[in-house]
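Asker: The structure follows.
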Amino acid sequence: LRMRRELQCLTSTIADTVVCPAARLDDVARLIRLHSPIAVQFSGHSMSCQSIIGRALLFENKQGVISEVSAPTFIHSVRDGLDGQSKMTVNSRSLSLIFLNACDTLSLARKLVEALPSVSVVCWASDVETNCATFVSRAFYSALSKSMSQTVLTSHCVTEAFMVAKEALEESSQYMCGDPWHYRHEDGHEHLKKGGYDKFCTGCKPPVHGIFCLVRAQGEIWCCKNCRMKSAQGGYY
């Protein structure tokens with residue numbers, strides 16, 4: 001239901017949207033080649049894996065099993081799709097935005113911008129509560145739809161939309177910028193047992209909901225100065 005709401009928000013605000021549920025990694029390159037998008041969004045999960053240095057995005061493989069996709073592998077798929085565009089047709093549209101609507105994707109966003117400097121990346125520098133992620137994406141795309149065209153998306157448009165979403169989060173009475181992970185219970189806590197959830201406990205229901213960022217070749221913008229300061233001190237990566 002939550003994913004359906006996010007898709008409804010996206011398709012109602014951005015024209016010419018293509019949705020690929022349960023996407024596999026090979027869908028990334030295929031759909032970029034086929035549709036020449038100016039923006040791509042990944043909505044899903046990431047995780048830290050012992051077999052991969054850094055965070056990995058989670059995709060289904062051809063057998064329907066969840067697989068871990070490293071940053072270099074994801075970047076290769078994006079580049080493969082972009083290279084395929086130029087071979088098929090001359091198209092005035094170019095990829096300008098990638099929205100990683102998943103927890104802890106800042107390191108991947110930085111690597112994407114390093115590899116593709118013309119692309120801006122919106123991401124989360126922390127865990128993110130699902131409803132908060134939907135709230136932010138709704139505000140972002142609503143603002144973006146008012147300034148973008150079907151063929152051109154400038155870095156300025158992306159930055160302006162990010163600032164609108166940032167302001168919406170700051171003014172929200174439901175959500176607050178911060179990393180929920182710092183409040184969550186450790187493994188084995190009694191509230192993690194079946195029936196142990198306590199809606200008044202900050203370990204069960206953290207008072208902060210996520211830290212989102214805009215990563216660009218010309219610099220990063222964070223949802224709040226305090227969160228960026230913690231990052232500089234080694235708190236968020």
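Residue names in the structure tokens use chain letters A, B, ... in the order shown, residue numbers from 1 in each chain, and ligand numbers from 1 in the order shown.
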Among the residues of range 12-236 of chain A, find those DSSP assigns to strand (DSSP E) from the backbone and print them as a PyMOL selection string.

Answerer: chain A and resi 39-43+46-48+55-60+66-69+97-101+120-124+212-216+219-222

Asker: Quick one: distance from CA of Ser70 in chain A to CA of Ala56 in chain A in Å, one decimal?

Answerer: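 Distance between the two atoms: 4.6 Å.
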
Asker: Just give me the gap between CA of Ala109 in chain A and CA of Cys204 in chain A in Å, one decimal is fine.

Answerer: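 If I compute the distance from CA of Ala109 in chain A to CA of Cys204 in chain A, I get 28.9 Å.
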
Asker: Within 12 Å of Ile66 in chain A, counting only C-alpha atoms, which residues show up once you throw out same-chain ones fewer than 3 positions away? Write them as an NGL selection string, please.

Answerer: :A and (22-25 or 44-47 or 56-63 or 69)

Asker: Given the selection you just returned, output its residues as a file containing N, CA, C and O atoms, formatted as an mmCIF file, in the first residue's frame.

Answerer:
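out_2.cif, freshly written:
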```
data_model
loop_
_atom_site.group_PDB
_atom_site.id
_atom_site.type_symbol
_atom_site.label_atom_id
_atom_site.label_comp_id
_atom_site.auth_asym_id
_atom_site.auth_seq_id
_atom_site.Cartn_x
_atom_site.Cartn_y
_atom_site.Cartn_z
ATOM 1 N N ALA A 22 9.297 -4.455 -9.048
ATOM 2 C CA ALA A 22 10.204 -5.594 -8.849
ATOM 3 C C ALA A 22 11.310 -5.605 -9.896
ATOM 4 O O ALA A 22 11.612 -6.627 -10.524
ATOM 5 N N ALA A 23 11.930 -4.458 -10.095
ATOM 6 C CA ALA A 23 12.943 -4.313 -11.147
ATOM 7 C C ALA A 23 14.165 -5.182 -10.884
ATOM 8 O O ALA A 23 14.585 -5.364 -9.742
ATOM 9 N N ARG A 24 14.719 -5.730 -11.963
ATOM 10 C CA ARG A 24 15.999 -6.435 -11.910
ATOM 11 C C ARG A 24 17.098 -5.480 -12.374
ATOM 12 O O ARG A 24 16.828 -4.452 -12.996
ATOM 13 N N LEU A 25 18.323 -5.818 -12.090
ATOM 14 C CA LEU A 25 19.428 -4.941 -12.451
ATOM 15 C C LEU A 25 19.469 -4.684 -13.949
ATOM 16 O O LEU A 25 19.724 -3.548 -14.378
ATOM 17 N N GLY A 44 13.453 1.398 -2.884
ATOM 18 C CA GLY A 44 13.681 0.045 -2.396
ATOM 19 C C GLY A 44 14.529 0.041 -1.145
ATOM 20 O O GLY A 44 14.335 0.868 -0.255
ATOM 21 N N HIS A 45 15.485 -0.870 -1.108
ATOM 22 C CA HIS A 45 16.297 -1.038 0.100
ATOM 23 C C HIS A 45 17.774 -1.114 -0.259
ATOM 24 O O HIS A 45 18.154 -1.512 -1.361
ATOM 25 N N SER A 46 18.598 -0.724 0.708
ATOM 26 C CA SER A 46 20.042 -0.948 0.601
ATOM 27 C C SER A 46 20.494 -1.627 1.884
ATOM 28 O O SER A 46 19.779 -1.617 2.889
ATOM 29 N N MET A 47 21.667 -2.213 1.853
ATOM 30 C CA MET A 47 22.192 -2.842 3.051
ATOM 31 C C MET A 47 23.713 -2.880 2.990
ATOM 32 O O MET A 47 24.320 -2.802 1.918
ATOM 33 N N ALA A 56 25.060 -1.705 -0.603
ATOM 34 C CA ALA A 56 24.579 -2.351 -1.818
ATOM 35 C C ALA A 56 23.081 -2.105 -1.956
ATOM 36 O O ALA A 56 22.347 -2.117 -0.964
ATOM 37 N N LEU A 57 22.636 -1.846 -3.181
ATOM 38 C CA LEU A 57 21.204 -1.797 -3.458
ATOM 39 C C LEU A 57 20.697 -3.220 -3.632
ATOM 40 O O LEU A 57 21.442 -4.114 -4.061
ATOM 41 N N LEU A 58 19.437 -3.437 -3.302
ATOM 42 C CA LEU A 58 18.854 -4.772 -3.413
ATOM 43 C C LEU A 58 17.922 -4.839 -4.616
ATOM 44 O O LEU A 58 16.990 -4.055 -4.741
ATOM 45 N N PHE A 59 18.205 -5.776 -5.504
ATOM 46 C CA PHE A 59 17.381 -6.044 -6.681
ATOM 47 C C PHE A 59 17.015 -7.529 -6.680
ATOM 48 O O PHE A 59 17.738 -8.353 -6.123
ATOM 49 N N GLU A 60 15.918 -7.863 -7.351
ATOM 50 C CA GLU A 60 15.615 -9.271 -7.601
ATOM 51 C C GLU A 60 16.434 -9.741 -8.799
ATOM 52 O O GLU A 60 16.627 -8.996 -9.760
ATOM 53 N N ASN A 61 16.908 -10.997 -8.743
ATOM 54 C CA ASN A 61 17.545 -11.569 -9.923
ATOM 55 C C ASN A 61 16.501 -12.328 -10.750
ATOM 56 O O ASN A 61 15.308 -12.293 -10.440
ATOM 57 N N LYS A 62 16.941 -12.993 -11.796
ATOM 58 C CA LYS A 62 16.005 -13.668 -12.700
ATOM 59 C C LYS A 62 15.245 -14.798 -12.019
ATOM 60 O O LYS A 62 14.173 -15.206 -12.480
ATOM 61 N N GLN A 63 15.801 -15.324 -10.936
ATOM 62 C CA GLN A 63 15.131 -16.396 -10.188
ATOM 63 C C GLN A 63 14.187 -15.842 -9.120
ATOM 64 O O GLN A 63 13.579 -16.614 -8.371
ATOM 65 N N VAL A 69 23.619 -5.482 -5.073
ATOM 66 C CA VAL A 69 24.246 -4.816 -6.214
ATOM 67 C C VAL A 69 25.138 -3.697 -5.696
ATOM 68 O O VAL A 69 24.660 -2.748 -5.067
#
```

Asker: What is the distance between CA of Phe99 in chain A and CA of Ser36 in chain A, in Å to one decimal?

Answerer: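 Value for the CA of Phe99 in chain A-CA of Ser36 in chain A distance: 15.9 Å.
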
Asker: So, with only C-alpha atoms as the atoms that count, which of A:His191, A:Arg184, A:Lys146, A:Arg110 lies closest to Pro72 in chain A?

Answerer: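 Result for the nearest residue to Pro72 in chain A: A:Arg110.
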
Asker: Could you pull out the helix (DSSP H, G or I) residues of range 42-199 of chain A, going by DSSP on the backbone, and write them as an MDAnalysis selection string?

Answerer: chainID A and resid 71:88 106:115 130:145 155:171 180:182 190:192

Asker: Which is closer to Ala217 in chain A than all the others in A:Arg33, A:Arg138, A:Lys111, A:His182, using only C-alpha atoms?

Answerer: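 Looking only at the distances to Ala217 in chain A, the closest residue turns out to be A:Lys111.
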
Asker: Using only C-alpha atoms, which of A:Ile32, A:Ala71, A:Gln218, A:Asp26 sits nearest Leu100 in chain A?

Answerer: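 The answer is A:Ala71, which sits nearest to Leu100 in chain A.
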